[in-house]
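> Data file model15.txt (compact mmCIF, C-alpha atoms and all ligand atoms) is appended below.
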# COMPACT_ATOMS: atom_id res chain seq x y z
CA MET A 1 -148.01 88.57 -95.51
CA ARG A 2 -149.91 85.37 -94.72
CA VAL A 3 -148.04 82.10 -94.94
CA GLU A 4 -149.88 80.91 -98.07
CA GLU A 5 -148.66 84.04 -99.88
CA LYS A 6 -145.11 83.44 -98.66
CA ILE A 7 -145.32 79.88 -99.99
CA LEU A 8 -146.49 81.04 -103.43
CA GLN A 9 -143.70 83.62 -103.45
CA ALA A 10 -141.12 80.93 -102.62
CA ILE A 11 -142.51 78.70 -105.39
CA LYS A 12 -142.13 81.58 -107.85
CA ASN A 13 -138.56 82.26 -106.67
CA TYR A 14 -137.18 78.75 -107.26
CA ASP A 15 -136.50 76.94 -110.54
CA THR A 16 -136.30 73.49 -108.97
CA ILE A 17 -138.94 72.25 -106.53
CA MET A 18 -138.77 68.86 -104.80
CA ILE A 19 -141.97 67.64 -103.15
CA HIS A 20 -141.82 64.93 -100.48
CA ARG A 21 -144.39 63.23 -98.18
CA HIS A 22 -144.39 60.68 -95.38
CA LYS A 23 -143.18 57.08 -95.36
CA ARG A 24 -145.75 54.31 -95.96
CA PRO A 25 -147.87 56.72 -98.05
CA ASP A 26 -151.65 56.69 -97.97
CA PRO A 27 -153.89 58.35 -100.58
CA ASP A 28 -153.67 61.72 -98.79
CA ALA A 29 -149.87 61.66 -98.65
CA LEU A 30 -149.66 60.92 -102.37
CA GLY A 31 -152.67 63.05 -103.25
CA SER A 32 -151.26 66.15 -101.57
CA GLN A 33 -147.69 65.55 -102.75
CA VAL A 34 -148.37 64.77 -106.40
CA GLY A 35 -151.53 66.88 -106.55
CA LEU A 36 -149.36 69.88 -105.63
CA ALA A 37 -146.68 68.76 -108.10
CA GLU A 38 -149.25 68.53 -110.93
CA LEU A 39 -150.83 71.85 -109.99
CA LEU A 40 -147.43 73.54 -110.10
CA ARG A 41 -146.42 71.82 -113.36
CA ASN A 42 -149.65 73.03 -114.90
CA ASN A 43 -148.96 76.62 -113.93
CA PHE A 44 -145.15 76.88 -114.06
CA PRO A 45 -144.22 74.78 -117.10
CA ASN A 46 -140.63 76.09 -117.12
CA LYS A 47 -139.83 74.98 -113.56
CA LYS A 48 -138.34 71.58 -112.74
CA ILE A 49 -140.80 69.98 -110.32
CA TYR A 50 -140.19 66.50 -108.88
CA GLN A 51 -142.10 64.14 -106.60
CA VAL A 52 -139.69 62.20 -104.39
CA GLY A 53 -140.07 59.36 -101.91
CA GLY A 54 -139.90 55.62 -101.29
CA PRO A 55 -142.20 52.94 -102.73
CA VAL A 56 -145.86 53.88 -103.21
CA GLU A 57 -146.96 50.48 -101.89
CA GLY A 58 -150.15 49.44 -103.65
CA LEU A 59 -151.11 52.94 -104.74
CA GLU A 60 -149.42 52.80 -108.15
CA TYR A 61 -152.69 53.84 -109.79
CA LEU A 62 -152.33 57.22 -108.08
CA ALA A 63 -148.74 58.13 -108.92
CA GLN A 64 -145.12 57.07 -109.32
CA MET A 65 -142.08 58.76 -107.83
CA ASP A 66 -139.28 60.48 -109.78
CA GLU A 67 -135.72 59.13 -109.58
CA ILE A 68 -133.52 62.10 -108.72
CA PRO A 69 -129.73 62.37 -108.30
CA ASP A 70 -128.59 64.14 -105.11
CA GLU A 71 -127.02 67.04 -107.04
CA TRP A 72 -130.40 68.22 -108.26
CA TYR A 73 -131.25 69.31 -104.73
CA GLN A 74 -128.62 72.04 -104.88
CA GLY A 75 -130.37 75.39 -104.58
CA ALA A 76 -133.80 73.73 -104.70
CA LEU A 77 -136.99 74.50 -102.80
CA VAL A 78 -138.24 71.46 -100.87
CA ILE A 79 -141.89 71.14 -99.87
CA ILE A 80 -143.09 68.39 -97.52
CA THR A 81 -146.79 67.54 -97.43
CA ASP A 82 -148.85 65.60 -94.87
CA THR A 83 -145.91 64.85 -92.55
CA ALA A 84 -145.95 65.99 -88.91
CA ASN A 85 -142.38 65.18 -87.94
CA THR A 86 -139.02 64.86 -89.68
CA PRO A 87 -138.32 61.16 -88.91
CA ARG A 88 -141.46 60.31 -90.93
CA ILE A 89 -140.36 62.17 -94.07
CA SER A 90 -139.75 59.76 -96.91
CA ASP A 91 -136.27 60.22 -98.42
CA GLU A 92 -133.82 62.02 -96.17
CA ARG A 93 -132.47 64.05 -99.06
CA TYR A 94 -135.09 66.63 -98.23
CA LEU A 95 -132.22 68.07 -96.14
CA LEU A 96 -130.15 68.83 -99.26
CA GLY A 97 -132.34 71.68 -100.52
CA GLU A 98 -131.94 75.40 -99.90
CA LYS A 99 -135.34 76.24 -98.42
CA LEU A 100 -137.85 73.98 -96.69
CA ILE A 101 -141.64 74.31 -96.44
CA LYS A 102 -143.98 72.20 -94.30
CA ILE A 103 -147.64 71.88 -95.36
CA ASP A 104 -149.68 69.63 -93.06
CA HIS A 105 -152.97 69.03 -91.25
CA HIS A 106 -151.63 67.02 -88.27
CA PRO A 107 -151.00 68.67 -84.89
CA ASN A 108 -147.86 70.78 -85.28
CA ASP A 109 -145.67 68.86 -82.82
CA GLU A 110 -142.50 69.56 -84.80
CA PRO A 111 -142.70 72.84 -86.71
CA TYR A 112 -139.75 72.07 -89.01
CA GLY A 113 -138.85 74.14 -92.06
CA ASP A 114 -138.43 77.79 -93.02
CA LEU A 115 -142.15 78.21 -93.65
CA VAL A 116 -144.80 76.21 -91.79
CA TRP A 117 -148.43 76.05 -92.92
CA VAL A 118 -150.45 73.80 -90.64
CA ASN A 119 -154.24 73.64 -90.54
CA THR A 120 -155.44 70.96 -88.14
CA LYS A 121 -159.05 71.74 -89.09
CA ALA A 122 -158.51 70.55 -92.65
CA SER A 123 -159.86 67.05 -93.34
CA SER A 124 -156.74 66.20 -95.27
CA CYS A 125 -153.57 67.75 -96.57
CA SER A 126 -155.09 67.40 -100.06
CA GLU A 127 -157.89 69.74 -98.94
CA MET A 128 -155.18 72.28 -97.99
CA ILE A 129 -153.56 72.02 -101.43
CA ALA A 130 -156.99 72.55 -102.99
CA ASP A 131 -157.41 75.57 -100.66
CA PHE A 132 -154.07 76.87 -101.90
CA TRP A 133 -155.34 76.64 -105.48
CA GLN A 134 -158.58 78.45 -104.58
CA ILE A 135 -156.86 81.21 -102.58
CA PHE A 136 -154.80 81.99 -105.69
CA SER A 137 -157.37 81.00 -108.30
CA ASN A 138 -156.54 84.11 -110.32
CA GLU A 139 -152.99 82.79 -110.71
CA LEU A 140 -153.28 78.99 -110.45
CA GLU A 141 -155.31 76.86 -112.81
CA MET A 142 -156.48 73.37 -111.79
CA ASN A 143 -156.42 70.44 -114.23
CA GLY A 144 -157.91 66.94 -114.33
CA GLU A 145 -154.86 65.07 -113.04
CA ALA A 146 -154.24 67.38 -110.08
CA ALA A 147 -157.98 67.27 -109.29
CA ARG A 148 -157.98 63.44 -109.41
CA LEU A 149 -155.08 63.24 -106.95
CA LEU A 150 -156.49 65.81 -104.53
CA TYR A 151 -159.92 64.21 -104.66
CA ALA A 152 -158.34 60.81 -103.90
CA GLY A 153 -156.57 62.30 -100.88
CA ILE A 154 -159.77 63.81 -99.53
CA VAL A 155 -161.79 60.62 -100.06
CA GLY A 156 -158.99 58.60 -98.44
CA ASP A 157 -158.51 60.70 -95.31
CA THR A 158 -162.22 61.29 -94.69
CA GLY A 159 -163.16 57.61 -95.16
CA ARG A 160 -165.44 58.65 -98.02
CA PHE A 161 -166.64 61.85 -96.28
CA LEU A 162 -167.54 59.92 -93.15
CA TYR A 163 -165.05 60.96 -90.45
CA PRO A 164 -165.74 63.97 -88.21
CA ALA A 165 -163.10 66.17 -89.91
CA THR A 166 -165.36 66.22 -93.00
CA SER A 167 -166.77 69.76 -93.06
CA ALA A 168 -169.12 71.63 -95.36
CA HIS A 169 -165.96 73.19 -96.77
CA THR A 170 -164.52 69.72 -97.48
CA LEU A 171 -167.64 68.81 -99.47
CA LYS A 172 -167.53 72.09 -101.34
CA ILE A 173 -163.87 71.59 -102.27
CA ALA A 174 -164.58 68.00 -103.37
CA ALA A 175 -167.47 69.23 -105.52
CA ASP A 176 -165.22 71.90 -107.08
CA LEU A 177 -162.59 69.26 -107.90
CA ARG A 178 -165.22 67.05 -109.53
CA GLU A 179 -165.79 69.82 -112.10
CA TYR A 180 -162.46 68.87 -113.67
CA PRO A 181 -162.08 65.99 -116.12
CA PHE A 182 -161.12 62.75 -114.37
CA ASP A 183 -162.82 59.38 -114.02
CA ALA A 184 -164.19 59.60 -110.46
CA THR A 185 -166.06 56.28 -110.76
CA LYS A 186 -162.86 54.47 -111.68
CA LEU A 187 -160.92 56.26 -108.95
CA ASN A 188 -163.50 55.43 -106.27
CA ARG A 189 -163.40 51.79 -107.32
CA GLN A 190 -159.59 51.76 -107.17
CA LEU A 191 -159.67 53.29 -103.70
CA GLU A 192 -162.22 50.78 -102.42
CA GLN A 193 -161.06 47.62 -104.18
CA ILE A 194 -159.57 44.86 -102.00
CA SER A 195 -157.97 41.53 -102.86
CA LEU A 196 -159.49 38.23 -101.80
CA ASN A 197 -156.69 37.92 -99.24
CA VAL A 198 -157.57 41.28 -97.69
CA ALA A 199 -161.22 40.16 -97.57
CA GLN A 200 -160.03 37.15 -95.60
CA LEU A 201 -157.99 39.42 -93.34
CA SER A 202 -161.22 41.37 -92.69
CA GLY A 203 -162.85 38.11 -91.65
CA PHE A 204 -159.98 37.46 -89.23
CA VAL A 205 -160.31 40.96 -87.75
CA TYR A 206 -164.02 40.55 -87.06
CA GLU A 207 -163.60 37.06 -85.66
CA ASN A 208 -160.68 37.91 -83.40
CA LEU A 209 -161.61 41.39 -82.21
CA LYS A 210 -161.54 41.62 -78.44
CA VAL A 211 -163.77 44.33 -76.93
CA ASP A 212 -164.00 45.17 -73.23
CA ALA A 213 -167.07 46.45 -71.35
CA ASN A 214 -166.16 50.10 -72.09
CA GLY A 215 -165.65 49.68 -75.81
CA ALA A 216 -161.86 49.30 -75.96
CA GLY A 217 -161.03 47.02 -78.87
CA GLN A 218 -157.90 45.21 -79.95
CA VAL A 219 -156.78 42.84 -82.68
CA ILE A 220 -153.31 41.31 -82.82
CA LEU A 221 -151.99 40.38 -86.25
CA THR A 222 -148.88 38.27 -85.83
CA GLN A 223 -146.46 37.54 -88.64
CA ALA A 224 -147.75 33.96 -88.62
CA VAL A 225 -151.34 35.14 -89.18
CA LEU A 226 -150.32 37.58 -91.92
CA GLN A 227 -148.34 34.88 -93.68
CA GLU A 228 -151.11 32.33 -93.43
CA ILE A 229 -153.64 34.73 -94.93
CA GLY A 230 -151.10 35.93 -97.50
CA VAL A 231 -151.07 39.63 -96.68
CA SER A 232 -148.44 42.13 -95.53
CA ASP A 233 -148.27 45.19 -93.31
CA VAL A 234 -149.32 47.45 -96.21
CA ASP A 235 -152.61 45.57 -96.57
CA THR A 236 -153.65 46.38 -93.01
CA SER A 237 -154.63 49.92 -94.05
CA ALA A 238 -157.76 48.40 -95.62
CA ILE A 239 -158.96 46.91 -92.33
CA VAL A 240 -158.04 49.56 -89.72
CA SER A 241 -161.46 51.18 -89.77
CA LEU A 242 -163.49 47.94 -89.59
CA PRO A 243 -163.89 47.66 -85.78
CA GLY A 244 -165.41 51.15 -85.78
CA MET A 245 -168.47 49.82 -87.60
CA ILE A 246 -169.39 47.86 -84.49
CA GLU A 247 -171.73 49.77 -82.20
CA ASP A 248 -170.03 48.74 -78.94
CA VAL A 249 -166.53 49.71 -80.05
CA LEU A 250 -165.37 53.15 -78.85
CA ALA A 251 -161.60 53.11 -79.47
CA TRP A 252 -159.38 50.38 -80.80
CA ALA A 253 -155.87 49.32 -81.75
CA ILE A 254 -154.66 46.94 -84.40
CA PHE A 255 -151.25 45.56 -83.46
CA VAL A 256 -149.33 44.45 -86.54
CA GLU A 257 -146.23 42.40 -85.82
CA GLN A 258 -143.29 43.42 -88.02
CA PRO A 259 -140.66 41.01 -89.41
CA GLU A 260 -138.17 42.59 -86.94
CA GLY A 261 -140.37 41.55 -84.01
CA TYR A 262 -141.85 44.85 -82.84
CA TYR A 263 -145.51 45.82 -83.35
CA ARG A 264 -146.81 48.67 -85.44
CA VAL A 265 -149.88 50.01 -83.67
CA ARG A 266 -152.73 51.52 -85.68
CA MET A 267 -155.13 53.32 -83.32
CA ARG A 268 -158.54 54.80 -83.99
CA SER A 269 -161.27 56.34 -81.83
CA LYS A 270 -164.86 57.54 -82.04
CA GLY A 271 -164.44 60.02 -79.16
CA PRO A 272 -161.67 59.55 -76.59
CA VAL A 273 -158.46 61.37 -77.59
CA ILE A 274 -155.71 58.84 -78.36
CA ASN A 275 -152.79 60.77 -79.87
CA GLU A 276 -151.31 61.67 -76.47
CA LEU A 277 -151.10 57.95 -75.73
CA ALA A 278 -149.58 57.30 -79.18
CA LYS A 279 -146.85 59.86 -78.41
CA LYS A 280 -145.84 57.87 -75.33
CA TYR A 281 -145.24 54.87 -77.61
CA HIS A 282 -142.97 56.47 -80.25
CA GLY A 283 -145.87 57.67 -82.35
CA GLY A 284 -148.38 60.44 -82.79
CA GLY A 285 -151.11 61.53 -85.17
CA HIS A 286 -154.57 63.03 -84.93
CA PRO A 287 -156.75 63.03 -81.80
CA LEU A 288 -158.93 60.25 -83.27
CA ALA A 289 -156.47 58.47 -85.60
CA SER A 290 -152.94 57.76 -84.47
CA GLY A 291 -150.05 55.40 -84.96
CA ALA A 292 -147.43 54.08 -82.54
CA ASN A 293 -144.96 51.26 -81.96
CA ALA A 294 -144.82 48.58 -79.25
CA LYS A 295 -141.47 46.90 -78.61
CA ASN A 296 -142.88 43.52 -77.62
CA MET A 297 -145.96 41.67 -76.37
CA GLU A 298 -145.59 43.24 -72.94
CA GLU A 299 -145.86 46.73 -74.45
CA VAL A 300 -148.81 45.57 -76.55
CA GLN A 301 -150.56 44.66 -73.34
CA THR A 302 -149.73 47.89 -71.49
CA LEU A 303 -150.81 49.94 -74.49
CA TYR A 304 -154.13 48.09 -74.72
CA GLN A 305 -154.58 48.56 -70.97
CA ALA A 306 -154.06 52.30 -71.48
CA ILE A 307 -156.76 52.34 -74.20
CA GLN A 308 -159.06 50.52 -71.81
CA ASP A 309 -158.39 53.17 -69.15
CA ILE A 310 -159.05 55.98 -71.64
CA CYS A 311 -162.36 54.39 -72.72
CA LYS A 312 -163.39 53.87 -69.10
CA ALA A 313 -162.60 57.49 -68.18
CA HIS A 314 -164.53 58.66 -71.26
CA ARG A 315 -167.59 56.58 -70.33
CA LEU A 316 -167.51 57.82 -66.71
CA LYS A 317 -167.46 61.44 -67.90
CA LYS A 318 -170.70 60.90 -69.80
P1 LIG B 401 -151.92 54.87 -89.53
O1 LIG B 401 -152.54 53.94 -88.58
O2 LIG B 401 -150.52 54.47 -89.87
O3 LIG B 401 -152.80 55.10 -90.71
O4 LIG B 401 -151.74 56.28 -88.82
C1 LIG B 401 -152.79 57.06 -88.40
C2 LIG B 401 -152.32 58.44 -88.13
O5 LIG B 401 -151.28 58.45 -87.17
C3 LIG B 401 -151.76 59.14 -89.35
O6 LIG B 401 -152.29 60.43 -89.38
C4 LIG B 401 -150.29 59.17 -89.15
O7 LIG B 401 -149.75 60.34 -89.65
C5 LIG B 401 -150.10 59.08 -87.66
N1 LIG B 401 -148.95 58.22 -87.34
C6 LIG B 401 -148.82 56.91 -87.63
N2 LIG B 401 -147.65 56.43 -87.21
C7 LIG B 401 -146.99 57.45 -86.63
C8 LIG B 401 -145.71 57.60 -86.01
N3 LIG B 401 -144.86 56.58 -85.87
N4 LIG B 401 -145.39 58.83 -85.53
C9 LIG B 401 -146.23 59.87 -85.65
N5 LIG B 401 -147.45 59.79 -86.22
C10 LIG B 401 -147.84 58.61 -86.71
How would this structure read if it were set down as structure tokens?
Ligand code: AMP

Amino acid sequence: MRVEEKILQAIKNYDTIMIHRHKRPDPDALGSQVGLAELLRNNFPNKKIYQVGGPVEGLEYLAQMDEIPDEWYQGALVIITDTANTPRISDERYLLGEKLIKIDHHPNDEPYGDLVWVNTKASSCSEMIADFWQIFSNELEMNGEAARLLYAGIVGDTGRFLYPATSAHTLKIAADLREYPFDATKLNRQLEQISLNVAQLSGFVYENLKVDANGAGQVILTQAVLQEIGVSDVDTSAIVSLPGMIEDVLAWAIFVEQPEGYYRVRMRSKGPVINELAKKYHGGGHPLASGANAKNMEEVQTLYQAIQDICKAHRLKK
């Protein structure tokens, strides 16, 4: 039996299903988590299906989380979407369930759970949930709300169908989802909309971007800068992709100082693989989009040096 069939079987076997995703959710985390929850609610109206996790941080227009007492996990099926490793799972109570399923599109560095469905070729975890629906289309019916969430996840993780993971299949799935009733114009606007402060943060990023001769870019956002502009760590998701628009930039890191003093590192690349480097700095992710942490300014510098080396090696190969 293929793993998708085992997952459907498990869903059928359990009355209570808890769906989690990663911390600091992005549209794909929420889209896959709540898109799956809505799809299952639509098709198994007698089951108790909950979406669990910490704050949705600026993505309230997508979904809210359910408040669940610990006892409800007893004998429950727990499904985690879009989360490569257990420390990143939002809400540790995922451990309280009876059976655990991992559904993800990141490299399978930590194959946790009783059932693991990982497809690194999928543009997004939301695309995988939409695949799940289509594989079992004779049993599962899509609706407007699930389609809206899955579409948001795909648009989010592909940068509006721009990033290399966007395949013909991705476009086909997105088109299929658009057949269902939801306001795509409104959703696209919500996904794209930025505050005036974030616009000013964009200005700072462009003005302070440092790029070396091989296309290695870096921007450092200190707490002082964030406070002066009036933005927080969450807002940096809107500016991570900006350096990539510049022709000369090949790979880059945005270092975001945290109130505790360490730096969250948001790394992106147009070619050189960066997730192996991210793993060396308490992080991970996709080959061209990764996250890591730097303890202090010294580590910020060594990490940027490593990106410079990677860009140089990449240029020399060509
Ligand atoms: P971000 O810059 O936070 O949007 O992260 C980009 C990619 O790297 C996402 O696919 C994340 O799942 C992954 N990622 C970010 N931070 C970490 C981390 N601390 N550990 C593992 N993967 C991470």
> Around ligand LIG 401 (chain B), with edges along x, y and z and 6 Å added on all six sides, what centre and edge lengths do you get, in Å to one decimal, as AutoDock Vina command-line options?

--center_x -148.8 --center_y 57.2 --center_z -88.1 --size_x 19.9 --size_y 18.5 --size_z 17.2
> Rounded to one decimal in Å, what is the spacing between atom CA of A:Gln305 and atom CA of A:Ala216?
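A separation of 8.9 Å between them.
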> Would you pick out the contacts of A:Ala175 at 12 Å or less, using all atoms listed in the file, so that residues sharing its chain but fewer than 2 positions from it are not included, and give the list as a ChimeraX atom specification?
/A:127,130,147-148,150-151,154-155,161,168-173,177-180,184
> What's around stretch 86-100 of chain A at 7 Å? Count all atoms listed in the file, leave out sequence neighbours fewer than 5 positions away in its own chain, and write the answer as a tab-separated table (two decimals) with C-alpha atoms, in the coordinates of the input.

chain	number	residue	atom	x	y	z
A	20	HIS	CA	-141.82	64.93	-100.48
A	21	ARG	CA	-144.39	63.23	-98.18
A	22	HIS	CA	-144.39	60.68	-95.38
A	23	LYS	CA	-143.18	57.08	-95.36
A	53	GLY	CA	-140.07	59.36	-101.91
A	54	GLY	CA	-139.90	55.62	-101.29
A	73	TYR	CA	-131.25	69.31	-104.73
A	74	GLN	CA	-128.62	72.04	-104.88
A	75	GLY	CA	-130.37	75.39	-104.58
A	76	ALA	CA	-133.80	73.73	-104.70
A	77	LEU	CA	-136.99	74.50	-102.80
A	78	VAL	CA	-138.24	71.46	-100.87
A	79	ILE	CA	-141.89	71.14	-99.87
A	113	GLY	CA	-138.85	74.14	-92.06
A	114	ASP	CA	-138.43	77.79	-93.02
A	115	LEU	CA	-142.15	78.21	-93.65
> Excluding same-chain residues fewer than 6 positions from A:Phe255, what lies within 8 Å of it counting only C-alpha atoms, as a PyMOL selection string?
chain A and resi 218-221+263-266+300
> Which residues, written as number ranges by chain, have at least one atom at most 8 Å from A:Pro243, with all atoms listed in the file counted and residues fewer than 2 positions away on the same chain left out?
A: 205-206, 209, 217, 240-241, 245-246, 249, 252
> Which residues are close to A:Thr120, i.e. within 6 Å by all atoms listed in the file, leaving aside same-chain residues fewer than 4 positions away? Reply as a count of residues only.
3
